[in-house]
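Trainee: Quick one, coords34.txt (compact mmCIF, C-alpha atoms):
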```txt
# COMPACT_ATOMS: atom_id res chain seq x y z
CA GLY A 250 -16.94 -13.98 -16.63
CA LYS A 251 -17.37 -10.29 -15.73
CA SER A 252 -20.76 -9.91 -17.37
CA SER A 253 -22.10 -13.10 -15.77
CA LEU A 254 -20.82 -11.88 -12.42
CA LEU A 255 -22.54 -8.49 -12.82
CA ASN A 256 -25.80 -10.25 -13.66
CA GLN A 257 -25.44 -12.40 -10.55
CA LEU A 258 -24.53 -9.56 -8.17
CA THR A 259 -26.97 -6.91 -9.35
CA ALA A 260 -29.67 -8.70 -11.39
CA THR A 261 -28.61 -6.47 -14.31
CA GLN A 262 -28.78 -7.96 -17.79
CA SER A 263 -25.29 -7.51 -19.23
CA GLU A 264 -24.58 -9.49 -22.40
CA ALA A 265 -22.68 -12.69 -21.57
CA ALA A 266 -21.20 -15.19 -24.03
CA ALA A 267 -18.73 -18.08 -24.16
CA TYR A 268 -16.01 -15.94 -25.73
CA GLU A 269 -13.76 -13.21 -24.35
CA PHE A 270 -14.29 -9.42 -24.63
CA THR A 271 -18.08 -9.62 -24.89
CA THR A 272 -18.48 -6.30 -23.09
CA LEU A 273 -17.68 -3.36 -25.37
CA THR A 274 -18.86 -0.49 -23.17
CA CYS A 275 -19.39 0.30 -19.49
CA ILE A 276 -22.42 -1.51 -18.05
CA PRO A 277 -23.63 -0.19 -14.66
CA GLY A 278 -25.47 -2.16 -12.01
CA THR A 279 -26.47 -1.69 -8.37
CA MET A 280 -25.61 -4.27 -5.72
CA LYS A 281 -27.81 -4.18 -2.63
CA TYR A 282 -26.00 -5.42 0.46
CA LYS A 283 -26.38 -4.78 4.19
CA GLY A 284 -28.93 -2.05 3.63
CA SER A 285 -26.73 -0.12 1.22
CA LYS A 286 -26.54 0.31 -2.53
CA VAL A 287 -23.16 -0.16 -4.20
CA GLN A 288 -22.69 0.81 -7.84
CA VAL A 289 -20.84 -1.87 -9.80
CA LEU A 290 -19.46 -1.12 -13.27
CA ASP A 291 -18.71 -3.87 -15.78
CA LEU A 292 -15.85 -2.50 -17.90
CA PRO A 293 -14.42 -3.87 -21.15
CA GLY A 294 -11.45 -6.18 -20.68
CA ILE A 295 -7.95 -4.69 -20.60
CA ILE A 296 -5.34 -6.08 -22.98
CA GLU A 297 -1.57 -5.76 -22.97
CA GLY A 298 -0.70 -2.25 -24.16
CA ALA A 299 -3.88 -0.71 -22.75
CA ALA A 300 -1.87 2.03 -21.04
CA GLN A 301 -0.77 3.20 -24.50
CA GLY A 302 -4.37 3.23 -25.77
CA LYS A 303 -4.80 -0.25 -27.25
CA GLY A 304 -8.33 -1.63 -27.12
CA ARG A 305 -9.77 1.62 -25.74
CA GLY A 306 -7.59 0.97 -22.71
CA ARG A 307 -7.24 4.60 -21.69
CA GLU A 308 -11.01 5.03 -21.46
CA VAL A 309 -11.35 1.92 -19.30
CA ILE A 310 -8.48 2.94 -17.02
CA ALA A 311 -9.93 6.45 -16.63
CA VAL A 312 -13.04 4.91 -15.08
CA ALA A 313 -10.91 2.73 -12.80
CA ARG A 314 -9.03 5.80 -11.51
CA ASN A 315 -12.31 7.24 -10.20
CA ALA A 316 -13.58 4.05 -8.54
CA ASP A 317 -13.46 3.46 -4.78
CA ALA A 318 -12.20 -0.10 -5.28
CA ILE A 319 -11.30 -2.42 -8.14
CA LEU A 320 -12.49 -6.00 -8.61
CA ILE A 321 -10.35 -7.87 -11.15
CA VAL A 322 -12.04 -11.01 -12.53
CA LEU A 323 -9.66 -13.68 -13.80
CA ASP A 324 -10.24 -17.04 -15.50
CA ALA A 325 -8.90 -19.70 -13.14
CA GLY A 326 -8.44 -22.16 -16.00
CA LYS A 327 -6.23 -19.82 -18.05
CA GLU A 328 -4.31 -17.88 -15.41
CA GLY A 329 -1.40 -20.32 -15.29
CA LEU A 330 -0.63 -19.82 -19.00
CA ASN A 331 -1.74 -16.28 -19.80
CA ARG A 332 -0.42 -14.29 -16.80
CA HIS A 333 -3.48 -12.06 -16.93
CA ARG A 334 -3.00 -10.87 -13.35
CA GLU A 335 0.56 -9.77 -14.04
CA ILE A 336 -0.45 -8.00 -17.27
CA LEU A 337 -3.29 -6.11 -15.60
CA GLU A 338 -1.11 -5.04 -12.68
CA THR A 339 1.55 -3.76 -15.08
CA GLU A 340 -0.92 -1.78 -17.19
CA LEU A 341 -2.52 -0.14 -14.15
CA GLU A 342 0.89 0.56 -12.60
CA THR A 343 2.00 2.28 -15.82
CA VAL A 344 -0.82 4.84 -15.63
CA GLY A 345 -0.26 5.58 -11.94
CA ILE A 346 -2.79 3.29 -10.23
CA ARG A 347 -1.25 1.62 -7.19
CA LEU A 348 -3.11 -1.51 -6.12
CA ASN A 349 -3.37 -2.40 -2.42
CA GLN A 350 -0.80 0.19 -1.44
CA ARG A 351 -1.13 3.23 0.78
CA PRO A 352 0.32 6.67 -0.03
CA PRO A 353 3.87 7.08 1.31
CA ASN A 354 4.07 9.02 4.57
CA VAL A 355 6.11 11.78 2.95
CA THR A 356 5.53 15.52 2.91
CA LEU A 357 6.77 17.57 -0.05
CA SER A 358 6.45 21.36 0.21
CA ARG A 359 7.52 23.24 -2.91
CA LYS A 360 9.02 26.71 -2.42
CA LEU A 361 10.16 29.61 -4.58
CA THR A 362 13.63 29.91 -3.01
CA GLY A 363 15.87 28.27 -0.45
CA GLY A 364 17.04 25.15 -2.27
CA ILE A 365 16.25 21.58 -1.24
CA LYS A 366 16.05 20.54 2.41
CA PHE A 367 15.67 16.84 3.13
CA ALA A 368 14.94 15.24 6.49
CA SER A 369 13.61 11.94 7.81
CA THR A 370 12.26 10.67 11.13
CA VAL A 371 13.24 7.03 10.49
CA PRO A 372 16.37 5.32 9.10
CA LEU A 373 16.25 5.17 5.29
CA THR A 374 17.64 1.89 3.95
CA LYS A 375 16.15 1.85 0.45
CA LEU A 376 17.65 5.03 -0.99
CA GLY A 377 21.26 3.88 -1.00
CA PRO A 378 24.15 4.84 1.29
CA ASP A 379 23.43 8.58 0.92
CA PRO A 380 19.62 9.12 0.94
CA ASP A 381 19.97 12.91 1.04
CA LYS A 382 22.00 12.96 -2.17
CA VAL A 383 19.71 10.48 -3.95
CA ALA A 384 16.56 12.39 -2.98
CA THR A 385 18.08 15.69 -4.11
CA GLN A 386 19.11 14.22 -7.48
CA ILE A 387 15.64 12.79 -8.09
CA LEU A 388 13.97 16.08 -7.21
CA ARG A 389 16.22 17.96 -9.62
CA GLU A 390 15.52 15.42 -12.38
CA TYR A 391 11.87 16.40 -12.05
CA LYS A 392 12.82 20.10 -12.14
CA VAL A 393 12.21 20.70 -8.43
CA SER A 394 14.98 23.01 -7.19
CA ASN A 395 13.37 24.49 -4.07
CA ALA A 396 11.44 22.27 -1.67
CA ASP A 397 11.24 20.82 1.84
CA LEU A 398 11.02 17.01 1.88
CA LEU A 399 10.20 15.10 5.07
CA ALA A 400 10.06 11.28 5.06
CA ARG A 401 8.32 9.58 7.97
CA GLU A 402 8.83 6.04 6.67
CA ASP A 403 11.48 4.00 4.87
CA ILE A 404 10.59 4.79 1.24
CA THR A 405 11.90 3.47 -2.08
CA VAL A 406 12.94 5.47 -5.13
CA ASP A 407 9.63 4.62 -6.84
CA GLN A 408 7.65 5.87 -3.87
CA LEU A 409 9.62 9.12 -3.86
CA VAL A 410 8.87 9.59 -7.56
CA ASP A 411 5.16 8.98 -6.87
CA VAL A 412 5.20 11.73 -4.24
CA ILE A 413 6.90 14.16 -6.63
CA GLN A 414 4.50 13.37 -9.47
CA GLY A 415 1.52 13.80 -7.15
CA ASN A 416 -1.00 12.18 -9.52
CA ARG A 417 -1.03 8.60 -8.27
CA GLU A 418 -4.23 6.83 -7.27
CA TYR A 419 -4.14 4.27 -4.46
CA LYS A 420 -6.92 1.72 -4.83
CA PRO A 421 -7.91 -1.37 -2.84
CA CYS A 422 -8.12 -4.30 -5.25
CA LEU A 423 -9.68 -7.75 -4.91
CA TYR A 424 -8.83 -10.52 -7.37
CA LEU A 425 -11.62 -13.00 -8.12
CA TYR A 426 -10.63 -16.26 -9.81
CA ASN A 427 -13.82 -17.36 -11.57
CA LYS A 428 -14.58 -20.73 -13.21
CA ILE A 429 -12.79 -22.79 -10.54
CA ASP A 430 -14.97 -25.74 -11.54
CA THR A 431 -12.68 -26.14 -14.57
CA VAL A 432 -9.42 -26.70 -12.62
CA THR A 433 -8.07 -29.19 -10.11
CA ILE A 434 -8.32 -28.84 -6.34
CA GLU A 435 -4.54 -28.31 -6.15
CA GLU A 436 -4.78 -25.36 -8.57
CA ILE A 437 -7.71 -23.91 -6.61
CA ASP A 438 -5.67 -24.11 -3.41
CA GLY A 439 -2.75 -22.31 -5.06
CA LEU A 440 -4.98 -19.52 -6.41
CA ALA A 441 -6.78 -19.09 -3.08
CA ARG A 442 -3.44 -18.54 -1.33
CA GLN A 443 -2.53 -15.62 -3.59
CA PRO A 444 -2.66 -12.25 -1.76
CA HIS A 445 -5.94 -10.33 -1.95
CA SER A 446 -7.60 -13.21 -3.79
CA LEU A 447 -10.90 -15.09 -3.69
CA VAL A 448 -11.88 -18.14 -5.72
CA GLY A 449 -15.41 -18.77 -6.91
CA SER A 450 -17.71 -19.85 -9.71
CA VAL A 451 -20.72 -17.97 -11.04
CA LYS A 452 -22.00 -21.10 -12.80
CA SER A 453 -21.88 -23.43 -9.78
CA GLY A 454 -22.65 -20.72 -7.22
CA PHE A 455 -19.49 -21.31 -5.17
CA ASN A 456 -18.75 -18.18 -3.08
CA ILE A 457 -21.06 -16.22 -5.43
CA HIS A 458 -24.80 -16.38 -4.74
CA GLU A 459 -27.90 -14.61 -6.02
CA ALA A 460 -28.23 -10.82 -5.85
CA ASN A 461 -30.41 -10.88 -2.71
CA GLU A 462 -28.27 -13.42 -0.82
CA ASP A 463 -25.20 -12.98 1.38
CA ASP A 464 -22.00 -14.62 0.16
CA PRO A 465 -18.19 -14.43 0.66
CA LEU A 466 -17.70 -12.24 -2.45
CA LYS A 467 -20.11 -9.53 -1.30
CA ALA A 468 -18.56 -9.62 2.17
CA LYS A 469 -15.07 -9.15 0.70
CA MET A 470 -16.25 -6.32 -1.55
CA TRP A 471 -17.78 -4.61 1.48
CA GLU A 472 -14.48 -5.02 3.35
CA TYR A 473 -12.34 -3.65 0.51
CA LEU A 474 -14.69 -0.68 0.05
CA GLY A 475 -14.16 0.17 3.73
CA LEU A 476 -17.89 0.57 4.43
CA THR A 477 -19.50 0.84 7.86
CA ARG A 478 -23.19 0.94 8.75
CA ILE A 479 -24.36 3.49 11.34
CA TYR A 480 -27.87 3.20 12.81
CA THR A 481 -29.25 6.44 14.21
CA LYS A 482 -31.48 6.73 17.26
CA ARG A 483 -33.81 9.54 18.27
CA ARG A 484 -33.90 10.36 21.96
CA GLY A 485 -36.48 8.22 23.77
CA GLN A 486 -37.03 5.93 20.76
CA GLN A 487 -35.64 2.61 19.54
CA PRO A 488 -32.79 2.67 16.97
CA ASP A 489 -33.86 2.66 13.32
CA LEU A 490 -32.45 -0.65 12.10
CA ASN A 491 -34.05 -0.48 8.65
CA ASP A 492 -32.31 2.52 7.12
CA PRO A 493 -28.62 2.78 8.09
CA VAL A 494 -26.25 5.59 7.20
CA VAL A 495 -23.36 4.00 5.30
CA LEU A 496 -19.96 5.65 5.71
CA SER A 497 -16.89 4.99 3.60
CA GLN A 498 -13.37 4.94 4.99
CA ILE A 499 -12.11 5.72 1.48
CA ARG A 500 -14.20 8.86 1.03
CA ARG A 501 -15.10 10.96 4.07
CA GLY A 502 -14.01 8.49 6.72
CA THR A 503 -15.94 6.75 9.50
CA THR A 504 -15.88 9.37 12.27
CA VAL A 505 -18.72 11.11 14.08
CA ARG A 506 -17.87 14.25 12.10
CA SER A 507 -18.26 12.26 8.87
CA LEU A 508 -21.67 11.03 9.99
CA CYS A 509 -22.85 14.56 10.76
CA ALA A 510 -21.59 15.84 7.41
CA ASN A 511 -23.34 12.95 5.66
CA VAL A 512 -26.69 13.78 7.28
CA SER A 513 -26.62 17.58 6.84
CA SER A 514 -24.30 20.56 7.09
CA GLN A 515 -26.60 22.12 9.69
CA MET A 516 -26.20 19.07 11.96
CA LEU A 517 -22.44 19.47 11.70
CA ARG A 518 -22.67 23.12 12.76
CA ASP A 519 -25.06 22.46 15.66
CA PHE A 520 -23.41 19.23 16.87
CA ASN A 521 -22.81 18.98 20.62
CA TYR A 522 -22.02 15.37 21.58
CA ALA A 523 -22.73 11.79 20.56
CA VAL A 524 -23.13 8.41 22.24
CA VAL A 525 -21.62 5.60 20.15
CA TRP A 526 -21.95 1.89 20.84
CA GLY A 527 -21.90 -1.45 19.05
CA THR A 528 -19.39 -4.15 18.04
CA SER A 529 -17.70 -1.85 15.50
CA ALA A 530 -17.64 1.27 17.69
```
Could the structure of this file be written out as structure tokens, please?

Mentor:
Amino acid sequence: GKSSLLNQLTATQSEAAAYEFTTLTCIPGTMKYKGSKVQVLDLPGIIEGAAQGKGRGREVIAVARNADAILIVLDAGKEGLNRHREILETELETVGIRLNQRPPNVTLSRKLTGGIKFASTVPLTKLGPDPDKVATQILREYKVSNADLLAREDITVDQLVDVIQGNREYKPCLYLYNKIDTVTIEEIDGLARQPHSLVGSVKSGFNIHEANEDDPLKAKMWEYLGLTRIYTKRRGQQPDLNDPVVLSQIRRGTTVRSLCANVSSQMLRDFNYAVVWGTSA
């Protein structure tokens, strides 16, 4: 289903067949949408044990760690039996990729001396009856003996470990259930109600249209990538509505400063003021 989807979204010719694991290497394509170009990579399928290197899993996951967003394509007809979504989530979680989560609002400052100082600005209910003691024990387990730890939200033990490790990747993830024309309407309804999910069919064109057409899948991908179009206007002239500057919330952000930095470093140095308007302003 992934290769057929790439062909549909980008007009790229990736080998597609009626059996699983057709794709054996990374196949790139470019999706053109709302005046922007989005690179889409078709990666080989992940199997159970990929985090330990099975099926070239580590190579595939390494690419996923560097992506702005992840689109997981699942077979709607087999999901009820095979638990593919659960397996994929577990494998990505094992290697430190957190799907549809944000980094904990916790500050950890390592020091050379002074011991461990723990403080919080909110009540902590998930670290047991004595959060200070639990946090100190966890820090020492990871050989951190001198640090200042400040929690600004109610965190769990796993979130605290993620902060200490410092190598977690937080990625927006959209789940696409393909081949819905092979299941019943009741099953489609159940899949569509899953969080961060979209149902569709490449074959029948439901929610997935041709590369040059708008459709719900492209709109969702745009949303999960956090993209915003900015149209620039020279003084005394009409706005240029043909060539927008596309900003990413995931990368540099969607501020005026980000726009200036995207155009040129000189514009950022010489910037004075800006007038911003529009429905997304």

Trainee: Name the closest residue to Ala311 in chain A among the candidates A:Val344, A:Ala468, A:Met280, A:Ile413; distances are taken between atoms, counting all atoms listed in the file.

Mentor: A:Val344

Trainee: Any idea what's packed within 12 Å of Arg351 in chain A, counting only C-alpha atoms, ignoring anything in its chain fewer than 3 positions away? Could you give it as an mmCIF file with C-alpha atoms, in the coordinates of the input?

Mentor:
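Okay, out.cif is ready:
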```
data_model
loop_
_atom_site.group_PDB
_atom_site.id
_atom_site.type_symbol
_atom_site.label_atom_id
_atom_site.label_comp_id
_atom_site.auth_asym_id
_atom_site.auth_seq_id
_atom_site.Cartn_x
_atom_site.Cartn_y
_atom_site.Cartn_z
ATOM 1 C CA ILE A 346 -2.790 3.290 -10.230
ATOM 2 C CA ARG A 347 -1.250 1.620 -7.190
ATOM 3 C CA LEU A 348 -3.110 -1.510 -6.120
ATOM 4 C CA ASN A 354 4.070 9.020 4.570
ATOM 5 C CA VAL A 355 6.110 11.780 2.950
ATOM 6 C CA GLU A 402 8.830 6.040 6.670
ATOM 7 C CA ILE A 404 10.590 4.790 1.240
ATOM 8 C CA GLN A 408 7.650 5.870 -3.870
ATOM 9 C CA ASP A 411 5.160 8.980 -6.870
ATOM 10 C CA VAL A 412 5.200 11.730 -4.240
ATOM 11 C CA ARG A 417 -1.030 8.600 -8.270
ATOM 12 C CA GLU A 418 -4.230 6.830 -7.270
ATOM 13 C CA TYR A 419 -4.140 4.270 -4.460
ATOM 14 C CA LYS A 420 -6.920 1.720 -4.830
ATOM 15 C CA PRO A 421 -7.910 -1.370 -2.840
ATOM 16 C CA CYS A 422 -8.120 -4.300 -5.250
ATOM 17 C CA ILE A 499 -12.110 5.720 1.480
#
```

Trainee: Which residue, A:Leu258, A:Ala400, A:Val524, A:Ile276, has the smallest gap to Met470 in chain A when you use only C-alpha atoms?

Mentor: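 The shortest atom-to-atom distance to Met470 in chain A comes from A:Leu258.
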
Trainee: Please, what distance in Å, to one decimal, runs between CA of Ser446 in chain A and CA of Leu425 in chain A?

Mentor: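 Separation of CA of Ser446 in chain A and CA of Leu425 in chain A: 5.9 Å.
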
Trainee: Calculate, to one decimal in Å, the centre and edge lengths of the box along x, y and z of the file that holds all listed atoms of range 437-449 of chain A with 5 Å of margin on each side, and present them as lines of an AutoDock Vina configuration file.

Mentor:
```
center_x = -9.0
center_y = -17.2
center_z = -4.1
size_x = 22.9
size_y = 23.8
size_z = 15.6
```

Trainee: Name all residues at most 10 Å from range 506-509 of chain A (count only C-alpha atoms; drop same-chain ones fewer than 6 positions away) and give them as a PDB file with C-alpha atoms, keeping the file's coordinate frame.

Mentor:
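And here is the file that came out, part13.pdb:
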```pdb
ATOM      1  CA  ILE A 479     -24.360   3.490  11.340  1.00  0.00           C
ATOM      2  CA  THR A 481     -29.250   6.440  14.210  1.00  0.00           C
ATOM      3  CA  VAL A 494     -26.250   5.590   7.200  1.00  0.00           C
ATOM      4  CA  VAL A 495     -23.360   4.000   5.300  1.00  0.00           C
ATOM      5  CA  LEU A 496     -19.960   5.650   5.710  1.00  0.00           C
ATOM      6  CA  SER A 497     -16.890   4.990   3.600  1.00  0.00           C
ATOM      7  CA  GLN A 498     -13.370   4.940   4.990  1.00  0.00           C
ATOM      8  CA  ARG A 500     -14.200   8.860   1.030  1.00  0.00           C
ATOM      9  CA  GLN A 515     -26.600  22.120   9.690  1.00  0.00           C
ATOM     10  CA  MET A 516     -26.200  19.070  11.960  1.00  0.00           C
ATOM     11  CA  LEU A 517     -22.440  19.470  11.700  1.00  0.00           C
ATOM     12  CA  ARG A 518     -22.670  23.120  12.760  1.00  0.00           C
ATOM     13  CA  ASP A 519     -25.060  22.460  15.660  1.00  0.00           C
ATOM     14  CA  PHE A 520     -23.410  19.230  16.870  1.00  0.00           C
TER      15      PHE A 520
END
```

Trainee: With distances taken over all atoms listed in the file, which of A:Leu255, A:Val406, A:Ala316, A:Ile437 is nearest to Gly449 in chain A?

Mentor: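 The shortest atom-to-atom distance to Gly449 in chain A comes from A:Ile437.
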
Trainee: Around the point (-29.8, 2.7, 7.1) in the file's coordinates, collect all residues with an atom within 9 Å, using all atoms listed in the file, and return them as a list in words.

Mentor: Lys283, Gly284, Ser285, Arg478, Ile479, Tyr480, Thr481, Asp489, Leu490, Asn491, Asp492, Pro493, Val494 and Val495 of chain A

Trainee: When you draw a straight line from CA of Thr274 in chain A to CA of Tyr424 in chain A, how long is it in Å?

Mentor: 21.2 Å
